[in-house]
$ cat coords16.csv   # CSV, C-alpha atoms and all ligand atoms
chain,number,residue,atom,x,y,z
A,1,MET,CA,-11.8,-25.4,21.8
A,2,ARG,CA,-14.3,-22.9,20.3
A,3,ALA,CA,-13.6,-22.1,16.7
A,4,VAL,CA,-15.3,-20.6,13.7
A,5,VAL,CA,-15.1,-23.0,10.7
A,6,VAL,CA,-15.9,-22.7,7.0
A,7,PRO,CA,-17.5,-26.0,6.1
A,8,ARG,CA,-17.9,-25.0,2.4
A,9,ARG,CA,-17.5,-22.0,0.2
A,10,GLY,CA,-20.3,-19.4,0.3
A,11,PRO,CA,-21.6,-16.2,1.8
A,12,PRO,CA,-20.4,-15.0,5.3
A,13,GLU,CA,-23.3,-17.0,6.9
A,14,VAL,CA,-21.7,-20.4,6.0
A,15,MET,CA,-19.2,-19.8,8.8
A,16,LYS,CA,-20.2,-21.8,11.9
A,17,LEU,CA,-19.1,-21.4,15.5
A,18,ILE,CA,-18.1,-24.9,16.9
A,19,GLU,CA,-18.0,-25.3,20.7
A,20,ASP,CA,-16.0,-28.6,20.8
A,21,HIS,CA,-13.5,-28.4,17.9
A,22,PRO,CA,-10.4,-30.7,18.7
A,23,ASP,CA,-7.5,-28.7,20.1
A,24,PRO,CA,-4.4,-28.3,17.8
A,25,VAL,CA,-1.5,-30.5,19.0
A,26,ILE,CA,2.2,-29.6,18.9
A,27,ARG,CA,3.9,-32.1,16.5
A,28,ARG,CA,7.2,-30.3,15.7
A,29,PRO,CA,9.9,-29.1,18.0
A,30,ASP,CA,9.7,-25.5,16.7
A,31,GLU,CA,5.9,-25.1,17.3
A,32,VAL,CA,4.2,-22.9,19.8
A,33,LEU,CA,0.6,-23.3,20.9
A,34,VAL,CA,-1.0,-19.9,21.4
A,35,ARG,CA,-4.2,-19.2,23.4
A,36,VAL,CA,-5.7,-16.6,21.1
A,37,ARG,CA,-7.2,-13.6,22.8
A,38,ALA,CA,-7.9,-11.6,19.5
A,39,THR,CA,-7.5,-12.2,15.8
A,40,SER,CA,-8.2,-9.9,12.9
A,41,VAL,CA,-10.1,-10.1,9.6
A,42,ASN,CA,-8.1,-9.6,6.3
A,43,PRO,CA,-9.6,-9.5,2.8
A,44,ILE,CA,-7.9,-12.8,2.0
A,45,ASP,CA,-10.1,-14.5,4.6
A,46,THR,CA,-13.2,-13.4,2.7
A,47,TYR,CA,-11.6,-14.4,-0.7
A,48,VAL,CA,-11.0,-18.0,0.7
A,49,ARG,CA,-14.5,-18.3,2.2
A,50,GLY,CA,-16.3,-16.8,-0.8
A,51,GLY,CA,-14.3,-18.8,-3.4
A,52,VAL,CA,-12.6,-15.7,-5.0
A,53,LEU,CA,-9.4,-17.6,-4.2
A,54,PRO,CA,-10.1,-21.1,-5.7
A,55,MET,CA,-8.2,-23.3,-3.2
A,56,PRO,CA,-9.1,-26.5,-1.5
A,57,LEU,CA,-10.8,-26.1,1.9
A,58,ARG,CA,-10.2,-28.5,4.8
A,59,ARG,CA,-13.4,-30.1,6.1
A,60,ASP,CA,-13.1,-27.9,9.2
A,61,HIS,CA,-11.2,-25.0,7.6
A,62,ILE,CA,-10.3,-22.3,10.1
A,63,LEU,CA,-9.5,-18.9,8.7
A,64,GLY,CA,-7.3,-16.1,10.1
A,65,GLY,CA,-3.6,-15.4,10.1
A,66,ASP,CA,-3.3,-12.8,12.8
A,67,ALA,CA,-3.3,-13.4,16.6
A,68,CYS,CA,-2.4,-11.9,19.9
A,69,GLY,CA,-2.4,-14.1,22.9
A,70,THR,CA,-0.4,-16.1,25.5
A,71,VAL,CA,1.8,-19.1,25.0
A,72,GLU,CA,0.0,-22.2,26.2
A,73,ALA,CA,2.7,-24.8,25.3
A,74,VAL,CA,6.0,-25.0,23.4
A,75,GLY,CA,7.8,-27.7,21.3
A,76,ALA,CA,11.0,-29.2,22.6
A,77,GLY,CA,13.2,-27.0,20.4
A,78,VAL,CA,11.6,-23.6,21.2
A,79,ARG,CA,14.0,-21.2,22.8
A,80,ARG,CA,12.6,-17.7,22.5
A,81,PHE,CA,9.2,-18.2,24.2
A,82,ALA,CA,8.0,-19.9,27.3
A,83,VAL,CA,4.5,-20.8,28.7
A,84,GLY,CA,2.7,-17.6,29.8
A,85,ASP,CA,4.5,-15.2,27.5
A,86,ARG,CA,2.4,-12.7,25.7
A,87,VAL,CA,3.0,-12.9,21.9
A,88,PHE,CA,1.6,-11.8,18.6
A,89,GLY,CA,2.2,-13.1,15.1
A,90,LEU,CA,1.1,-14.0,11.6
A,91,ARG,CA,0.9,-17.7,10.8
A,92,ASP,CA,0.8,-19.4,7.5
A,93,TYR,CA,-2.8,-18.5,6.9
A,94,ILE,CA,-3.6,-20.5,3.7
A,95,LYS,CA,-3.7,-24.0,5.1
A,96,GLY,CA,-6.9,-23.7,7.2
A,97,GLN,CA,-5.6,-24.1,10.7
A,98,GLY,CA,-6.0,-20.5,11.5
A,99,CYS,CA,-6.7,-18.1,14.3
A,100,TYR,CA,-10.5,-17.7,14.4
A,101,ALA,CA,-10.2,-20.1,17.3
A,102,GLU,CA,-9.3,-20.2,21.0
A,103,LEU,CA,-6.0,-22.0,20.2
A,104,ALA,CA,-3.7,-21.8,17.2
A,105,LEU,CA,-0.3,-23.3,16.4
A,106,PHE,CA,2.6,-21.1,15.2
A,107,ARG,CA,6.2,-21.7,14.3
A,108,GLU,CA,8.5,-20.0,16.7
A,109,ASP,CA,9.9,-17.8,13.9
A,110,GLU,CA,6.4,-16.5,13.1
A,111,LEU,CA,6.0,-14.9,16.5
A,112,ALA,CA,7.2,-11.8,18.3
A,113,ALA,CA,7.0,-10.7,22.0
A,114,ALA,CA,4.0,-8.4,22.5
A,115,PRO,CA,5.0,-4.9,23.4
A,116,ALA,CA,3.5,-3.5,26.6
A,117,GLY,CA,0.9,-0.8,26.6
A,118,LEU,CA,-1.2,-2.1,23.7
A,119,SER,CA,-4.3,-4.2,24.0
A,120,ASP,CA,-4.7,-7.7,22.6
A,121,GLU,CA,-7.2,-6.3,20.1
A,122,GLU,CA,-4.7,-3.6,18.9
A,123,LEU,CA,-1.9,-6.1,18.5
A,124,ALA,CA,-4.0,-8.7,16.7
A,125,SER,CA,-4.8,-6.0,14.1
A,126,ILE,CA,-1.1,-5.6,13.2
A,127,PRO,CA,0.8,-8.7,11.9
A,128,LEU,CA,-0.5,-9.3,8.4
A,129,VAL,CA,-1.0,-5.6,7.4
A,130,GLY,CA,2.2,-4.5,9.2
A,131,LEU,CA,4.4,-7.2,7.5
A,132,THR,CA,2.8,-6.5,4.1
A,133,ALA,CA,3.7,-2.8,4.4
A,134,TYR,CA,7.2,-3.6,5.8
A,135,GLN,CA,7.9,-6.1,3.1
A,136,ALA,CA,6.6,-3.8,0.4
A,137,LEU,CA,8.3,-0.6,1.6
A,138,VAL,CA,11.5,-1.9,3.2
A,139,ASP,CA,12.3,-5.2,1.6
A,140,LEU,CA,11.0,-4.6,-2.0
A,141,ALA,CA,11.1,-0.8,-2.5
A,142,GLY,CA,14.0,-0.1,-0.2
A,143,LEU,CA,12.4,3.2,0.8
A,144,GLN,CA,14.9,5.6,2.2
A,145,ALA,CA,14.7,8.7,4.5
A,146,GLY,CA,14.0,11.8,2.5
A,147,GLU,CA,12.3,9.9,-0.4
A,148,ARG,CA,8.9,10.8,-1.7
A,149,VAL,CA,6.3,8.0,-1.6
A,150,LEU,CA,2.6,7.8,-2.7
A,151,ILE,CA,0.4,5.3,-0.9
A,152,HIS,CA,-2.8,4.4,-2.6
A,153,GLY,CA,-5.7,3.4,-0.3
A,154,GLY,CA,-4.3,5.2,2.7
A,155,SER,CA,-7.2,4.6,5.1
A,156,GLY,CA,-7.4,0.8,4.7
A,157,GLY,CA,-5.7,-1.8,6.9
A,158,VAL,CA,-2.5,-1.9,4.8
A,159,GLY,CA,-2.6,1.7,3.8
A,160,SER,CA,-3.0,3.1,7.3
A,161,PHE,CA,0.0,1.1,8.6
A,162,ALA,CA,2.0,2.0,5.5
A,163,ILE,CA,1.6,5.7,5.9
A,164,GLN,CA,2.9,5.5,9.5
A,165,LEU,CA,5.8,3.2,8.6
A,166,ALA,CA,6.9,5.4,5.7
A,167,ARG,CA,6.8,8.4,8.0
A,168,ALA,CA,8.8,6.5,10.6
A,169,LEU,CA,11.4,5.7,7.9
A,170,GLY,CA,11.7,9.4,7.3
A,171,ALA,CA,10.0,9.5,3.9
A,172,ASP,CA,7.8,12.4,2.7
A,173,VAL,CA,4.3,10.7,2.3
A,174,SER,CA,1.4,11.5,0.0
A,175,ALA,CA,-1.7,9.2,0.1
A,176,THR,CA,-4.9,8.7,-1.8
A,177,ALA,CA,-8.3,8.3,-0.1
A,178,SER,CA,-11.9,9.4,-0.4
A,179,PRO,CA,-12.4,12.9,0.9
A,180,ALA,CA,-14.1,11.5,4.1
A,181,ASN,CA,-10.9,9.8,5.1
A,182,ALA,CA,-8.5,12.6,4.2
A,183,GLU,CA,-8.2,14.0,7.7
A,184,LEU,CA,-7.5,10.5,9.1
A,185,CYS,CA,-4.6,10.0,6.6
A,186,ARG,CA,-3.2,13.4,7.6
A,187,GLU,CA,-3.3,12.4,11.3
A,188,LEU,CA,-1.5,9.2,10.4
A,189,GLY,CA,1.3,11.2,8.8
A,190,ALA,CA,0.5,12.0,5.2
A,191,ALA,CA,1.6,15.5,4.3
A,192,GLU,CA,-0.8,15.5,1.3
A,193,VAL,CA,-4.0,13.5,0.7
A,194,LEU,CA,-5.5,13.3,-2.8
A,195,ASP,CA,-8.9,12.0,-3.9
A,196,TYR,CA,-8.4,8.9,-6.0
A,197,LYS,CA,-11.9,9.3,-7.6
A,198,THR,CA,-10.9,12.6,-9.3
A,199,HIS,CA,-7.4,11.3,-10.1
A,200,GLU,CA,-5.9,14.5,-8.6
A,201,TYR,CA,-2.8,12.5,-7.6
A,202,ARG,CA,-1.8,12.4,-11.3
A,203,ARG,CA,-0.3,15.8,-10.9
A,204,LEU,CA,2.5,14.3,-8.6
A,205,GLN,CA,5.8,14.0,-10.5
A,206,GLY,CA,9.2,12.5,-9.7
A,207,LEU,CA,8.1,10.1,-7.0
A,208,ASP,CA,10.6,7.7,-5.6
A,209,VAL,CA,8.1,5.0,-4.6
A,210,VAL,CA,4.4,4.2,-5.2
A,211,PHE,CA,2.8,1.6,-2.9
A,212,ASP,CA,-0.5,0.6,-4.4
A,213,THR,CA,-2.3,-1.2,-1.6
A,214,ILE,CA,-5.4,-1.5,-3.7
A,215,GLY,CA,-3.6,-2.9,-6.8
A,216,ALA,CA,-5.7,-0.8,-9.2
A,217,TYR,CA,-3.4,2.1,-10.1
A,218,TYR,CA,-0.5,0.6,-12.0
A,219,LEU,CA,-1.0,2.4,-15.3
A,220,GLU,CA,-1.7,5.8,-13.6
A,221,SER,CA,1.2,5.4,-11.2
A,222,MET,CA,4.1,4.4,-13.4
A,223,PRO,CA,4.4,7.8,-15.1
A,224,LEU,CA,4.5,9.5,-11.7
A,225,LEU,CA,7.8,7.8,-10.8
A,226,ARG,CA,11.2,9.3,-11.4
A,227,ARG,CA,13.9,7.3,-13.2
A,228,GLY,CA,14.9,4.5,-10.8
A,229,GLY,CA,11.5,4.8,-9.0
A,230,ARG,CA,9.8,1.7,-7.7
A,231,TYR,CA,6.1,0.6,-7.8
A,232,VAL,CA,4.9,-2.1,-5.5
A,233,SER,CA,1.4,-3.5,-5.6
A,234,THR,CA,-0.5,-5.9,-3.2
A,235,THR,CA,-1.8,-7.8,-6.2
A,236,VAL,CA,0.2,-9.6,-8.8
A,237,MET,CA,-2.0,-8.8,-11.8
A,238,GLY,CA,-3.7,-5.7,-10.3
A,239,ASN,CA,-7.4,-5.4,-9.7
A,240,ASP,CA,-7.6,-3.1,-12.7
A,241,GLU,CA,-9.1,-4.9,-15.7
A,242,ARG,CA,-7.3,-2.5,-18.0
A,243,VAL,CA,-4.0,-4.2,-16.9
A,244,SER,CA,-4.5,-7.2,-19.2
A,245,LEU,CA,-1.7,-9.6,-19.7
A,246,VAL,CA,-1.0,-8.1,-23.0
A,247,ASN,CA,-0.8,-4.6,-21.5
A,248,MET,CA,1.5,-5.8,-18.8
A,249,LEU,CA,3.8,-7.5,-21.3
A,250,ARG,CA,3.8,-4.4,-23.5
A,251,HIS,CA,4.9,-2.3,-20.6
A,252,GLY,CA,7.6,-4.8,-19.8
A,253,MET,CA,6.2,-5.6,-16.4
A,254,ARG,CA,7.3,-9.0,-15.1
A,255,MET,CA,6.4,-9.9,-11.6
A,256,ILE,CA,8.2,-13.0,-10.5
A,257,GLY,CA,7.4,-14.0,-6.9
A,258,SER,CA,8.0,-10.9,-4.8
A,259,ALA,CA,11.1,-9.7,-6.6
A,260,LEU,CA,11.2,-6.3,-8.1
A,261,ARG,CA,12.2,-6.7,-11.7
A,262,ALA,CA,11.5,-5.6,-15.2
A,263,PRO,CA,12.5,-2.1,-16.4
A,264,PHE,CA,9.7,0.3,-17.2
A,265,GLY,CA,11.6,3.3,-18.6
A,266,GLY,CA,14.1,3.1,-15.8
A,267,THR,CA,11.5,2.3,-13.2
A,268,ARG,CA,10.8,-1.0,-11.6
A,269,ALA,CA,7.5,-2.7,-10.6
A,270,GLY,CA,6.6,-5.7,-8.5
A,271,ALA,CA,4.1,-7.3,-6.1
A,272,VAL,CA,4.4,-8.1,-2.5
A,273,ARG,CA,3.2,-11.5,-1.2
A,274,VAL,CA,3.4,-11.2,2.6
A,275,LYS,CA,5.2,-13.9,4.5
A,276,PRO,CA,5.2,-14.6,8.2
A,277,ASN,CA,8.4,-13.2,9.8
A,278,GLY,CA,8.9,-12.9,13.5
A,279,ALA,CA,12.2,-11.0,13.2
A,280,GLU,CA,10.5,-8.2,11.1
A,281,LEU,CA,7.6,-8.3,13.6
A,282,GLU,CA,10.0,-7.6,16.4
A,283,LYS,CA,11.1,-4.4,14.5
A,284,ILE,CA,7.4,-3.5,14.1
A,285,ALA,CA,6.9,-4.1,17.8
A,286,GLU,CA,9.6,-1.5,18.6
A,287,LEU,CA,7.8,1.1,16.4
A,288,LEU,CA,4.6,0.3,18.3
A,289,ALA,CA,6.3,0.5,21.7
A,290,ASN,CA,7.8,3.9,21.0
A,291,GLY,CA,4.6,5.3,19.6
A,292,ALA,CA,5.9,5.8,16.0
A,293,ILE,CA,3.0,3.6,14.8
A,294,ARG,CA,-0.4,3.3,16.4
A,295,PRO,CA,-2.9,0.5,15.6
A,296,LEU,CA,-6.1,1.7,13.9
A,297,VAL,CA,-8.9,-0.6,14.9
A,298,ALA,CA,-12.2,0.3,13.2
A,299,VAL,CA,-14.4,-2.2,15.1
A,300,THR,CA,-14.0,-5.1,17.5
A,301,LEU,CA,-16.6,-7.9,17.4
A,302,PRO,CA,-16.9,-11.2,19.3
A,303,LEU,CA,-15.7,-14.3,17.5
A,304,ALA,CA,-19.3,-15.5,17.2
A,305,GLU,CA,-19.9,-12.5,14.9
A,306,ALA,CA,-17.4,-13.4,12.3
A,307,ALA,CA,-20.1,-13.3,9.5
A,308,ALA,CA,-20.8,-9.6,10.4
A,309,ALA,CA,-17.1,-8.9,10.4
A,310,HIS,CA,-16.7,-10.4,6.9
A,311,ARG,CA,-19.7,-8.4,5.6
A,312,GLN,CA,-17.9,-5.3,6.9
A,313,SER,CA,-14.6,-6.2,5.2
A,314,GLU,CA,-16.5,-6.9,2.0
A,315,SER,CA,-17.9,-3.4,2.0
A,316,LYS,CA,-14.3,-2.2,1.1
A,317,ARG,CA,-15.0,0.9,3.2
A,318,THR,CA,-13.2,0.0,6.5
A,319,ARG,CA,-11.0,2.6,8.1
A,320,GLY,CA,-8.2,0.5,9.6
A,321,LYS,CA,-8.9,-3.0,10.8
A,322,ILE,CA,-11.7,-5.3,11.9
A,323,VAL,CA,-10.8,-7.3,15.0
A,324,LEU,CA,-12.4,-10.5,16.5
A,325,ALA,CA,-12.1,-10.8,20.3
A,326,ILE,CA,-12.0,-14.2,22.0
A,327,PRO,CA,-12.3,-13.4,25.7
A,401,LIG,N1,-0.2,-9.5,-1.5
A,401,LIG,C1,-0.3,-9.5,-0.2
A,401,LIG,O1,0.5,-10.2,0.4
A,401,LIG,C2,-1.4,-8.8,0.4
A,401,LIG,C3,-1.4,-8.5,1.8
A,401,LIG,C4,-2.3,-7.7,2.4
A,401,LIG,C5,-3.4,-7.3,1.6
A,401,LIG,N2,-3.5,-7.6,0.3
A,401,LIG,C6,-4.6,-7.1,-0.5
A,401,LIG,O2,-4.5,-5.7,-0.5
A,401,LIG,C7,-5.7,-5.1,-0.6
A,401,LIG,C8,-5.9,-4.1,0.5
A,401,LIG,O3,-5.9,-4.8,1.8
A,401,LIG,P1,-6.5,-4.0,3.1
A,401,LIG,O4,-6.4,-5.0,4.2
A,401,LIG,O5,-5.8,-2.7,3.2
A,401,LIG,O6,-8.0,-3.8,2.7
A,401,LIG,P2,-9.1,-2.9,3.4
A,401,LIG,O7,-8.7,-2.5,4.7
A,401,LIG,O8,-10.4,-3.7,3.3
A,401,LIG,O9,-9.2,-1.6,2.5
A,401,LIG,C9,-10.3,-0.8,2.7
A,401,LIG,C10,-9.9,0.6,2.2
A,401,LIG,O10,-9.7,0.5,0.7
A,401,LIG,C11,-10.0,1.8,0.2
A,401,LIG,N3,-10.5,1.7,-1.1
A,401,LIG,C12,-11.5,0.9,-1.6
A,401,LIG,N4,-11.6,1.0,-2.9
A,401,LIG,C13,-10.7,1.8,-3.3
A,401,LIG,C14,-10.3,2.3,-4.6
A,401,LIG,N5,-10.9,1.9,-5.7
A,401,LIG,N6,-9.2,3.2,-4.7
A,401,LIG,C15,-8.6,3.6,-3.5
A,401,LIG,N7,-8.9,3.1,-2.3
A,401,LIG,C16,-9.9,2.3,-2.2
A,401,LIG,C17,-11.1,2.4,1.1
A,401,LIG,O11,-10.8,3.8,1.3
A,401,LIG,P3,-12.0,4.9,1.0
A,401,LIG,O12,-13.1,4.5,1.9
A,401,LIG,O13,-11.3,6.1,1.5
A,401,LIG,O14,-12.3,4.8,-0.4
A,401,LIG,C18,-10.9,1.7,2.5
A,401,LIG,O15,-10.3,2.5,3.4
A,401,LIG,C19,-6.7,-6.2,-0.6
A,401,LIG,O16,-7.0,-6.6,-2.0
A,401,LIG,C20,-5.9,-7.4,0.0
A,401,LIG,O17,-6.4,-8.6,-0.4
A,401,LIG,C21,-2.5,-8.3,-0.3
$ encode --input "coords16.csv" --output "structure tokens"
Amino acid sequence: MRAVVVPRRGPPEVMKLIEDHPDPVIRRPDEVLVRVRATSVNPIDTYVRGGVLPMPLRRDHILGGDACGTVEAVGAGVRRFAVGDRVFGLRDYIKGQGCYAELALFREDELAAAPAGLSDEELASIPLVGLTAYQALVDLAGLQAGERVLIHGGSGGVGSFAIQLARALGADVSATASPANAELCRELGAAEVLDYKTHEYRRLQGLDVVFDTIGAYYLESMPLLRRGGRYVSTTVMGNDERVSLVNMLRHGMRMIGSALRAPFGGTRAGAVRVKPNGAELEKIAELLANGAIRPLVAVTLPLAEAAAAHRQSESKRTRGKIVLAIP
């Protein structure tokens, strides 16, 4: 199969398109081999390639957790899918047998049936960011209809999905973004969009939930929460250098796994660590099918242009998602 591999850590250009990479082989009864039509780029891919995330690479490490495609073959125990079905999913993306390739293996419970009416590129943009937002807002924060939520980073991959999910759950949504992206966030469902650079969101009070998709706004956000409010971040330590370990301990913040713990004046704080989940993806598929959520694809590039896609991701200025098409 054709695949983009990362032979060693380095800049985007280290990635190489291989024309004759060995095909993955089903070895377990619950595995599904998917012919990938599109995958998407997530910041984690650039952290693994660039070494920000110091983890061992396979010799032919293939990045990419997201895929939309068709089922090519199934293991003996697979019940929910058959050859030819159109599926999308998030696979365990750390181990290096990812989806920047024509074929990728998934566990049956990592996949969902692809809803009709959406392109492969649109569906490939969804699983990682959609599940991150779902696990942050639903599983961790327990966001309820009528509650007020602030979403930091509203125009990014996670943020643009989170605004729409929070609206679909019946919450009253505010978001932060740079002024150029304010209108986009309003179109996605934010009633109010605030500029993070001028810190104008600090005037919000009594919020039920803050979802910090950037991971940089812990100190500013905790005082905005009502008693019993919940802060969820996409980063365990936060990207904010002021959130030193000492600071975090002083504020009583203890993040253990993805559980929301540690009182902070009656509020709680925690971090999401997204996990593949086909059942939750089925719920997301319903929201896509009924139009409550629409994918936001900033750009689609061919697989061979993975390096350009990584440079775009590293700009930190992408509105929505970067997709790699594998026709
Ligand atoms: N823990 C997990 O399981 C998990 C899962 C998914 C993602 N993440 C992490 O979450 C972060 C966001 O992921 P993503 O896919 O949404 O990234 P992304 O799409 O690359 O985010 C780009 C957006 O970030 C906004 N932005 C950049 N710097 C900002 C700042 N200082 N303050 C506010 N907004 C800022 C930009 O908005 P403007 O152009 O309007 O400034 C842009 O729209 C990444 O660090 C990623 O690694 C973690």
$ axis_aligned_box --input "coords16.csv" --around "region 179-190 of chain A" --padding-each-side "6 Å" --output "AutoDock Vina command-line options"
--center_x -6.4 --center_y 11.6 --center_z 6.1 --size_x 27.4 --size_y 16.8 --size_z 22.4
$ closest_residue --input "coords16.csv" --among "A:Pro115, A:Gly156, A:Pro127, A:Gly50" --to "Gly64 (chain A)" --atoms "only C-alpha atoms"
A:Pro127
$ closest_residue --input "coords16.csv" --among "A:Ala168, A:Val87, A:Ala304, A:Leu57" --to "Ile326 (chain A)" --atoms "all atoms listed in the file"
A:Ala304
$ closest_atom_pairs --input "coords16.csv" --of "chain A" --to "ligand LIG 401 (chain A)" --cutoff "6 Å" --atoms "only C-alpha atoms and all ligand atoms" --output "JSON lines"
{"residue": "A:Asn42", "atom": "CA", "partner": "A:LIG401", "partner_atom": "O4", "distance": 5.3}
{"residue": "A:Pro43", "atom": "CA", "partner": "A:LIG401", "partner_atom": "O17", "distance": 4.6}
{"residue": "A:Ile44", "atom": "CA", "partner": "A:LIG401", "partner_atom": "O17", "distance": 5.1}
{"residue": "A:Val129", "atom": "CA", "partner": "A:LIG401", "partner_atom": "C4", "distance": 5.6}
{"residue": "A:Thr132", "atom": "CA", "partner": "A:LIG401", "partner_atom": "C3", "distance": 5.2}
{"residue": "A:His152", "atom": "CA", "partner": "A:LIG401", "partner_atom": "C15", "distance": 5.9}
{"residue": "A:Gly153", "atom": "CA", "partner": "A:LIG401", "partner_atom": "N7", "distance": 3.8}
{"residue": "A:Ser155", "atom": "CA", "partner": "A:LIG401", "partner_atom": "O15", "distance": 4.1}
{"residue": "A:Gly156", "atom": "CA", "partner": "A:LIG401", "partner_atom": "C10", "distance": 3.5}
{"residue": "A:Gly157", "atom": "CA", "partner": "A:LIG401", "partner_atom": "O7", "distance": 3.8}
{"residue": "A:Val158", "atom": "CA", "partner": "A:LIG401", "partner_atom": "O5", "distance": 3.8}
{"residue": "A:Gly159", "atom": "CA", "partner": "A:LIG401", "partner_atom": "O5", "distance": 5.5}
{"residue": "A:Ala177", "atom": "CA", "partner": "A:LIG401", "partner_atom": "O13", "distance": 4.0}
{"residue": "A:Ser178", "atom": "CA", "partner": "A:LIG401", "partner_atom": "O13", "distance": 3.9}
{"residue": "A:Asn181", "atom": "CA", "partner": "A:LIG401", "partner_atom": "O13", "distance": 5.2}
{"residue": "A:Tyr196", "atom": "CA", "partner": "A:LIG401", "partner_atom": "C15", "distance": 5.9}
{"residue": "A:Thr213", "atom": "CA", "partner": "A:LIG401", "partner_atom": "C8", "distance": 5.1}
{"residue": "A:Ile214", "atom": "CA", "partner": "A:LIG401", "partner_atom": "C7", "distance": 4.8}
{"residue": "A:Thr234", "atom": "CA", "partner": "A:LIG401", "partner_atom": "N1", "distance": 4.0}
{"residue": "A:Thr235", "atom": "CA", "partner": "A:LIG401", "partner_atom": "N1", "distance": 5.2}
{"residue": "A:Val272", "atom": "CA", "partner": "A:LIG401", "partner_atom": "N1", "distance": 4.9}
{"residue": "A:Arg273", "atom": "CA", "partner": "A:LIG401", "partner_atom": "O1", "distance": 3.4}
{"residue": "A:Val274", "atom": "CA", "partner": "A:LIG401", "partner_atom": "O1", "distance": 3.8}
{"residue": "A:Ser313", "atom": "CA", "partner": "A:LIG401", "partner_atom": "O8", "distance": 5.2}
{"residue": "A:Lys316", "atom": "CA", "partner": "A:LIG401", "partner_atom": "C9", "distance": 4.5}
{"residue": "A:Arg317", "atom": "CA", "partner": "A:LIG401", "partner_atom": "C18", "distance": 4.2}
{"residue": "A:Thr318", "atom": "CA", "partner": "A:LIG401", "partner_atom": "C9", "distance": 4.8}
{"residue": "A:Arg319", "atom": "CA", "partner": "A:LIG401", "partner_atom": "O15", "distance": 4.8}
{"residue": "A:Gly320", "atom": "CA", "partner": "A:LIG401", "partner_atom": "O7", "distance": 5.8}
$ closest_residue --input "coords16.csv" --among "A:Val36, A:Cys68, A:Leu207, A:Val138" --to "Ser119 (chain A)" --atoms "only C-alpha atoms"
A:Cys68
$ atom_distance --input "coords16.csv" --atom1 "CA of Arg49 (chain A)" --atom2 "CA of Asp92 (chain A)"
16.2 Å
$ atom_distance --input "coords16.csv" --atom1 "CA of Gly154 (chain A)" --atom2 "CA of Ala180 (chain A)"
11.7 Å
$ atom_distance --input "coords16.csv" --atom1 "CA of Glu280 (chain A)" --atom2 "CA of Arg227 (chain A)"
29.0 Å
$ residues_around --input "coords16.csv" --residues "Gly10 (chain A)" --least-positions-apart "6" --cutoff "12 Å" --atoms "only C-alpha atoms" --output "ChimeraX atom specification"
/A:16,46-54,57,307,310
